[in-house]
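Visitor: Pasting target.cif here (mmCIF, C-alpha atoms):
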data_run
loop_
_atom_site.label_atom_id
_atom_site.label_comp_id
_atom_site.auth_asym_id
_atom_site.auth_seq_id
_atom_site.Cartn_x
_atom_site.Cartn_y
_atom_site.Cartn_z
CA MET J 1 -17.62 33.00 2.04
CA SER J 2 -21.04 32.99 0.38
CA SER J 3 -22.67 31.12 3.26
CA ASN J 4 -21.02 33.43 5.82
CA THR J 5 -22.25 36.50 3.98
CA THR J 6 -25.76 35.09 3.81
CA PHE J 7 -25.72 34.31 7.54
CA ILE J 8 -24.40 37.78 8.40
CA ASN J 9 -27.11 39.43 6.30
CA TYR J 10 -29.71 37.21 7.99
CA ILE J 11 -28.50 38.18 11.47
CA ASN J 12 -28.44 41.89 10.55
CA GLN J 13 -31.96 41.68 9.15
CA LEU J 14 -33.12 39.79 12.23
CA SER J 15 -31.60 42.48 14.43
CA SER J 16 -33.35 45.20 12.43
CA ASP J 17 -36.70 43.39 12.64
CA LEU J 18 -36.19 42.88 16.38
CA ASN J 19 -35.62 46.60 16.88
CA ARG J 20 -38.60 47.46 14.77
CA TYR J 21 -41.33 45.05 15.85
CA LEU J 22 -40.37 44.16 19.41
CA SER J 23 -39.99 47.88 20.13
CA ILE J 24 -43.53 48.49 18.86
CA SER J 25 -44.91 45.74 21.12
CA ILE J 26 -43.04 46.97 24.20
CA LEU J 27 -44.02 50.59 23.57
CA LEU J 28 -47.68 49.85 22.82
CA PHE J 29 -48.43 47.34 25.57
CA GLY J 30 -46.11 49.02 28.08
CA THR J 31 -47.53 52.54 27.67
CA ILE J 32 -51.16 51.38 27.71
CA GLY J 33 -50.45 49.16 30.72
CA ASN J 34 -48.76 51.90 32.72
CA ILE J 35 -51.55 54.38 31.95
CA LEU J 36 -54.11 51.84 33.19
CA ASN J 37 -51.89 51.31 36.23
CA CYS J 38 -52.00 55.03 37.00
CA LEU J 39 -55.80 55.05 36.67
CA ALA J 40 -56.27 52.02 38.94
CA LEU J 41 -53.64 52.83 41.57
CA SER J 42 -54.81 56.44 41.92
CA GLN J 43 -58.21 55.31 43.21
CA ARG J 44 -58.92 56.56 46.72
CA PRO J 45 -59.02 53.13 48.48
CA LEU J 46 -55.56 52.23 47.15
CA ARG J 47 -53.49 55.40 46.87
CA SER J 48 -53.40 55.93 50.66
CA ASN J 49 -51.33 52.73 50.94
CA PRO J 50 -47.57 53.56 50.86
CA CYS J 51 -46.72 50.49 48.77
CA VAL J 52 -49.39 51.35 46.20
CA PHE J 53 -48.10 54.93 46.11
CA PHE J 54 -44.63 53.60 45.21
CA PHE J 55 -46.23 51.47 42.46
CA LEU J 56 -48.05 54.55 41.13
CA ALA J 57 -44.91 56.71 41.04
CA SER J 58 -42.95 53.85 39.45
CA SER J 59 -45.58 53.53 36.70
CA ILE J 60 -45.22 57.24 35.88
CA ALA J 61 -41.42 56.84 35.72
CA SER J 62 -41.85 53.79 33.46
CA ILE J 63 -43.99 55.78 31.01
CA ILE J 64 -41.21 58.38 30.75
CA THR J 65 -38.66 55.57 30.25
CA LEU J 66 -40.64 53.97 27.43
CA ILE J 67 -41.16 57.28 25.62
CA SER J 68 -37.57 58.52 25.98
CA GLY J 69 -36.04 55.10 25.30
CA VAL J 70 -38.18 52.86 23.11
CA LEU J 71 -40.08 55.50 21.12
CA VAL J 72 -36.94 57.39 20.13
CA ARG J 73 -35.16 54.13 19.24
CA LEU J 74 -38.15 53.08 17.15
CA LEU J 75 -38.15 56.36 15.24
CA SER J 76 -34.44 55.95 14.57
CA ASP J 77 -34.92 52.45 13.18
CA TRP J 78 -37.74 53.45 10.83
CA SER J 79 -36.07 56.65 9.65
CA LEU J 80 -32.83 58.21 10.84
CA SER J 81 -34.17 61.68 10.00
CA LEU J 82 -37.01 61.25 12.53
CA ASP J 83 -34.63 60.81 15.47
CA LEU J 84 -33.10 64.24 16.02
CA THR J 85 -31.21 63.02 19.09
CA ASN J 86 -28.77 61.26 16.76
CA THR J 87 -27.75 64.53 15.12
CA ILE J 88 -28.46 67.34 17.61
CA ASN J 89 -26.01 67.26 20.51
CA TRP J 90 -28.09 68.90 23.24
CA LEU J 91 -31.12 66.74 22.43
CA CYS J 92 -28.93 63.64 22.70
CA LYS J 93 -27.68 64.70 26.15
CA VAL J 94 -31.11 65.69 27.50
CA ARG J 95 -32.81 62.50 26.26
CA ILE J 96 -30.15 60.25 27.79
CA TYR J 97 -30.27 62.16 31.07
CA ILE J 98 -34.06 61.78 31.27
CA LEU J 99 -33.86 58.11 30.24
CA PHE J 100 -31.26 57.10 32.83
CA ASN J 101 -33.03 59.06 35.57
CA SER J 102 -36.46 57.58 34.87
CA ARG J 103 -35.09 54.01 34.70
CA THR J 104 -33.21 54.46 37.96
CA ILE J 105 -36.19 56.04 39.70
CA ALA J 106 -38.56 53.28 38.55
CA SER J 107 -36.16 50.58 39.79
CA TRP J 108 -35.51 52.18 43.19
CA LEU J 109 -39.18 52.87 43.83
CA ILE J 110 -39.88 49.14 43.51
CA MET J 111 -37.05 48.57 45.99
CA LEU J 112 -38.68 51.06 48.39
CA ALA J 113 -41.99 49.25 47.95
CA THR J 114 -40.22 46.04 49.03
CA CYS J 115 -38.84 47.87 52.06
CA ASP J 116 -42.33 49.16 52.88
CA ARG J 117 -43.73 45.59 52.81
CA TRP J 118 -41.02 44.58 55.29
CA LEU J 119 -41.94 47.44 57.61
CA SER J 120 -45.69 46.85 57.38
CA SER J 121 -45.35 43.10 58.02
CA SER J 122 -43.14 43.52 61.10
CA ILE J 123 -44.31 42.26 64.48
CA HIS J 124 -42.83 45.43 66.02
CA ALA J 125 -45.26 48.36 66.20
CA HIS J 126 -42.43 50.90 65.80
CA TYR J 127 -41.49 49.52 62.38
CA ARG J 128 -45.11 49.31 61.24
CA GLN J 129 -45.64 52.95 62.17
CA MET J 130 -42.82 53.91 59.77
CA SER J 131 -44.91 52.61 56.84
CA THR J 132 -46.79 55.84 56.14
CA LEU J 133 -47.80 57.80 53.06
CA LYS J 134 -45.81 60.83 54.23
CA ASN J 135 -42.60 58.78 54.51
CA ALA J 136 -43.27 57.30 51.06
CA GLN J 137 -43.58 60.78 49.56
CA ARG J 138 -40.36 61.88 51.25
CA ASN J 139 -38.50 58.82 49.96
CA ILE J 140 -39.71 59.43 46.40
CA ILE J 141 -38.43 63.03 46.52
CA ALA J 142 -35.08 61.78 47.89
CA VAL J 143 -34.73 59.18 45.10
CA ILE J 144 -35.49 61.77 42.39
CA PHE J 145 -32.96 64.21 43.88
CA LEU J 146 -30.16 61.64 44.30
CA SER J 147 -30.73 60.19 40.83
CA SER J 148 -30.58 63.65 39.26
CA ILE J 149 -27.20 64.26 40.88
CA ALA J 150 -25.82 60.80 40.04
CA TYR J 151 -26.18 61.31 36.26
CA VAL J 152 -24.87 64.86 35.82
CA GLN J 153 -21.77 63.50 34.05
CA LEU J 154 -23.98 62.31 31.16
CA PHE J 155 -24.03 65.86 29.83
CA TYR J 156 -20.29 65.58 29.30
CA CYS J 157 -20.01 61.92 28.30
CA TYR J 158 -22.74 61.62 25.66
CA GLU J 159 -22.46 63.04 22.15
CA ALA J 160 -24.40 62.79 18.91
CA ASN J 161 -23.16 61.89 15.41
CA LEU J 162 -20.76 59.20 16.62
CA THR J 163 -19.51 56.41 14.36
CA ASN J 164 -18.27 52.89 15.14
CA THR J 165 -20.56 52.75 18.18
CA PRO J 166 -23.76 50.73 18.76
CA LEU J 167 -25.78 53.97 18.68
CA GLU J 168 -25.07 57.40 17.18
CA CYS J 169 -25.99 59.07 20.47
CA TYR J 170 -23.51 57.28 22.72
CA GLY J 171 -20.57 57.67 25.10
CA ARG J 172 -17.84 59.80 23.56
CA SER J 173 -14.86 57.78 24.87
CA ALA J 174 -14.02 54.36 26.26
CA TRP J 175 -13.68 55.77 29.78
CA CYS J 176 -17.06 57.47 29.56
CA ARG J 177 -18.70 54.28 28.36
CA LEU J 178 -17.06 52.26 31.13
CA LEU J 179 -18.19 54.79 33.76
CA ILE J 180 -21.76 54.85 32.44
CA ASP J 181 -21.98 51.05 32.16
CA LEU J 182 -20.58 50.52 35.66
CA GLU J 183 -23.02 53.09 36.99
CA PHE J 184 -25.91 51.37 35.23
CA ILE J 185 -24.86 47.93 36.48
CA SER J 186 -24.44 49.09 40.08
CA ILE J 187 -27.20 51.70 40.51
CA VAL J 188 -29.94 50.33 38.26
CA VAL J 189 -29.37 46.55 38.43
CA LEU J 190 -27.18 45.17 41.22
CA LEU J 191 -27.84 47.45 44.23
CA PRO J 192 -31.65 47.61 43.94
CA SER J 193 -31.84 43.89 43.06
CA ILE J 194 -29.75 42.90 46.08
CA MET J 195 -31.76 45.15 48.38
CA MET J 196 -35.04 43.85 46.93
CA LEU J 197 -33.84 40.30 47.60
CA ILE J 198 -32.84 41.16 51.18
CA PHE J 199 -36.08 42.96 52.05
CA GLY J 200 -38.11 40.27 50.25
CA ILE J 201 -36.54 37.55 52.40
CA LEU J 202 -37.02 39.65 55.55
CA THR J 203 -40.68 40.18 54.63
CA ILE J 204 -41.22 36.44 54.19
CA LEU J 205 -39.54 35.82 57.56
CA ASN J 206 -41.82 38.44 59.13
CA ILE J 207 -44.87 36.70 57.72
CA ARG J 208 -43.67 33.34 59.04
CA LYS J 209 -43.21 34.84 62.49
CA VAL J 210 -46.70 36.29 62.34
CA THR J 211 -48.36 33.05 61.23
CA LEU J 212 -46.47 30.94 63.78
CA ARG J 213 -47.25 33.28 66.66
CA GLN J 214 -50.27 32.46 68.74
CA ILE J 215 -53.12 34.77 67.70
CA GLN J 216 -54.19 37.19 70.43
CA PRO J 217 -57.44 39.21 70.68
CA VAL J 218 -57.54 41.61 67.74
CA ILE J 219 -57.65 45.42 67.94
CA LYS J 220 -58.37 47.40 64.75
CA THR J 221 -55.85 50.15 64.00
CA GLY J 222 -56.99 51.34 60.57
CA ILE J 223 -57.79 50.32 57.04
CA ASN J 224 -54.45 48.70 56.29
CA GLN J 225 -53.68 46.56 59.34
CA THR J 226 -54.81 45.10 62.64
CA VAL J 227 -52.82 44.26 65.74
CA SER J 228 -53.36 41.89 68.59
CA ALA J 229 -53.73 42.95 72.18
CA ASN J 230 -50.03 42.35 72.88
CA GLY J 231 -49.03 44.63 69.98
CA TYR J 232 -48.31 41.99 67.37
CA SER J 233 -49.97 41.75 63.98
CA PRO J 234 -51.74 38.36 63.83
CA LYS J 235 -52.21 38.30 60.06
CA LEU J 236 -51.85 40.30 56.89
CA LYS J 237 -54.94 41.71 55.25
CA LYS J 238 -56.01 40.20 51.95
CA SER J 239 -54.96 43.36 50.09
CA ASP J 240 -51.52 43.24 51.74
CA ARG J 241 -51.02 39.63 50.67
CA TYR J 242 -51.86 40.54 47.08
CA LEU J 243 -49.49 43.52 47.21
CA LEU J 244 -46.71 41.27 48.46
CA LEU J 245 -47.31 38.70 45.70
CA MET J 246 -47.37 41.44 43.03
CA LEU J 247 -44.16 42.88 44.41
CA LEU J 248 -42.21 39.61 44.66
CA ILE J 249 -43.06 38.58 41.09
CA GLN J 250 -42.08 42.02 39.79
CA VAL J 251 -38.77 41.90 41.67
CA ILE J 252 -37.89 38.48 40.20
CA LEU J 253 -38.73 39.51 36.63
CA LEU J 254 -36.99 42.88 37.03
CA THR J 255 -33.77 41.11 38.00
CA LEU J 256 -34.03 38.46 35.26
CA PHE J 257 -34.63 41.00 32.48
CA SER J 258 -31.99 43.51 33.67
CA LEU J 259 -29.04 41.23 34.40
CA PRO J 260 -28.41 40.13 30.76
CA GLN J 261 -27.64 43.67 29.62
CA ALA J 262 -25.35 44.22 32.60
CA ILE J 263 -23.42 41.06 31.71
CA GLN J 264 -23.31 42.00 28.03
CA ASN J 265 -21.97 45.48 28.89
CA LEU J 266 -19.15 43.96 30.94
CA TYR J 267 -18.34 41.53 28.12
CA SER J 268 -18.20 44.33 25.55
CA HIS J 269 -15.67 46.24 27.69
CA ILE J 270 -13.51 43.18 28.21
CA THR J 271 -13.39 42.46 24.45
CA GLN J 272 -13.44 46.04 23.13
CA TYR J 273 -9.82 45.92 21.88
CA GLU J 274 -10.14 42.53 20.22
CA ILE J 275 -10.45 42.40 16.43
CA GLU J 276 -13.73 40.70 15.60
CA SER J 277 -14.87 39.09 12.38
CA PRO J 278 -17.94 40.48 10.59
CA MET J 279 -19.92 37.44 11.77
CA ASN J 280 -19.02 38.02 15.43
CA THR J 281 -19.85 41.70 15.06
CA ALA J 282 -23.28 40.88 13.64
CA ILE J 283 -23.98 38.37 16.43
CA ASN J 284 -22.83 40.80 19.13
CA ASP J 285 -25.02 43.56 17.67
CA PHE J 286 -28.02 41.22 17.72
CA ILE J 287 -27.36 40.23 21.35
CA PHE J 288 -26.89 43.90 22.28
CA ASN J 289 -30.22 44.87 20.71
CA LEU J 290 -32.05 41.92 22.29
CA PHE J 291 -30.75 42.50 25.83
CA PHE J 292 -31.19 46.26 25.45
CA LEU J 293 -34.87 45.83 24.62
CA LEU J 294 -35.39 43.24 27.37
CA THR J 295 -34.55 45.87 29.99
CA TYR J 296 -37.51 47.91 28.75
CA VAL J 297 -39.81 44.92 29.22
CA THR J 298 -39.42 45.52 32.97
CA ASN J 299 -40.97 48.98 32.49
CA GLY J 300 -43.88 47.62 30.47
CA MET J 301 -44.86 44.53 32.44
CA PRO J 302 -46.16 45.83 35.85
CA PHE J 303 -49.79 46.25 34.74
CA TYR J 304 -50.00 42.66 33.53
CA ILE J 305 -48.41 41.38 36.74
CA TYR J 306 -50.85 43.41 38.84
CA THR J 307 -53.82 42.21 36.76
CA LEU J 308 -52.85 38.54 37.03
CA CYS J 309 -51.57 38.55 40.62
CA GLY J 310 -53.35 41.51 42.21
CA GLY J 311 -56.55 39.61 42.88
CA THR J 312 -59.90 41.33 43.06
CA VAL J 313 -58.40 44.37 44.81
CA PHE J 314 -56.51 45.68 41.78
CA ARG J 315 -59.05 44.51 39.20
CA LYS J 316 -61.91 46.20 41.06
CA ALA J 317 -59.93 49.45 41.26
CA LEU J 318 -59.24 49.20 37.52
CA ARG J 319 -62.92 48.62 36.73
CA ASP J 320 -63.94 51.57 38.92
CA SER J 321 -61.44 53.91 37.27
CA ILE J 322 -62.59 52.93 33.75
CA HIS J 323 -66.22 53.26 34.84
CA LYS J 324 -65.57 56.81 36.09
CA LEU J 325 -63.85 57.76 32.84
CA TYR J 326 -66.68 56.28 30.78
CA HIS J 327 -69.29 58.29 32.66
#
How does this structure look as structure tokens?

Guide:
Amino acid sequence: MSSNTTFINYINQLSSDLNRYLSISILLFGTIGNILNCLALSQRPLRSNPCVFFFLASSIASIITLISGVLVRLLSDWSLSLDLTNTINWLCKVRIYILFNSRTIASWLIMLATCDRWLSSSIHAHYRQMSTLKNAQRNIIAVIFLSSIAYVQLFYCYEANLTNTPLECYGRSAWCRLLIDLEFISIVVLLPSIMMLIFGILTILNIRKVTLRQIQPVIKTGINQTVSANGYSPKLKKSDRYLLLMLLIQVILLTLFSLPQAIQNLYSHITQYEIESPMNTAINDFIFNLFFLLTYVTNGMPFYIYTLCGGTVFRKALRDSIHKLYH
């Protein structure tokens, strides 16, 4: 009994430290990284590219996610009185609505960026012509609108001052929690991840077709691409190759960091009526907190992916944006 109690206290303390210090790291590095992303991606040479525009909008959505999710959770862990969303009902509902919307928007914008890379790498001129800044702006508006509608039920399902739940601001009933978790798993994790995988594979196949095709005389069509005399694109520009690499790495990490929470949510619903020992409860709470925070890593990592994999294109844009701010 003594050893079990010691282990349970150790797990609870570890869970508390995880919430406290990992949250600080994710919030600090994620917010700074996304702000630098916005500065670099808003530079004139880059922002006219539809894929870059999706990255820029996704970075803005990620900043909102980190503030509404990690910052509020951090305040709650340091002092319950600082997090008013745990006690004020309407604040709880509004925060959760903003959080779920921003996370969904950030995820689907990366999916749209993957779709744009497929269009822009196609050997068919009709598909390449669909990769435009105007279409990107329209798609962003559509994603924001559809996401706003999809989460209206959160205003009914979420309540503050709840007990016997992982968080005080949480789903009011088992059915509400199941609905919200299924919606999160399908809309935020599975659907965009599957579509990212599909369009990623199609993009790679497009590139293989382009590289295997005999190169024809080249005709310039603009800053972002060239086509051969027979209408095919003989090769991707250097900036397009970097964009594709940045995108593929982000898609892989987004899926890896999001799936654990989806699996944990399903497990918690399957075992919700089982009587658990204090040790199992402590372990489950630790796993919940860990996987919950890992999903926010996906919102904080894009800048570091772009810096490492974006080549000179992204780093030059970042240097230019900082230079303009400095002067």

Visitor: Please report the interatomic distance between atom CA of Cys176 of chain J and atom CA of Trp108 of chain J in Å with one decimal.

Guide: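 For atom CA of Cys176 of chain J relative to atom CA of Trp108 of chain J, the distance reads 23.5 Å.
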
Visitor: Can you work out the spacing between atom CA of Phe291 of chain J and atom CA of Gln261 of chain J in Å, to one decimal?

Guide: 5.0 Å

Visitor: Evaluate the PyMOL selection byres ((chain J and resi 32) around 12) here and jot the selected residues down as number ranges by chain.

Guide: J: 25-31, 33-39, 59-60, 62-63, 66-67, 299-304

Visitor: I want to know what sits within 10 Å of Phe288 of chain J, based on all atoms listed in the file, with residues of the same chain fewer than 6 positions away left out; could you give that as a ChimeraX atom specification?

Guide: /J:15,166,260-261,264-265,268,282,294

Visitor: At what distance in Å, to one decimal, does atom CA of Ser258 of chain J lie from atom CA of Ile24 of chain J?

Guide: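 Atom-to-atom, atom CA of Ile24 of chain J to atom CA of Ser258 of chain J, that is 19.4 Å.
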
Visitor: Determine the nearest neighbour of Asn101 of chain J from the options J:Met130, J:Ile305, J:Ile64, J:Ala142, counting all atoms listed in the file.

Guide: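 Ranking J:Met130, J:Ile305, J:Ile64, J:Ala142 by distance to Asn101 of chain J, first place goes to J:Ile64.
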
Visitor: Rank nothing, just name the residue among J:Ser58, J:Gln250, J:Asn284, J:Ser76 nearest to Ile11 of chain J, using only C-alpha atoms.

Guide: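 Answer, going by the shortest atom-to-atom distance: J:Asn284.
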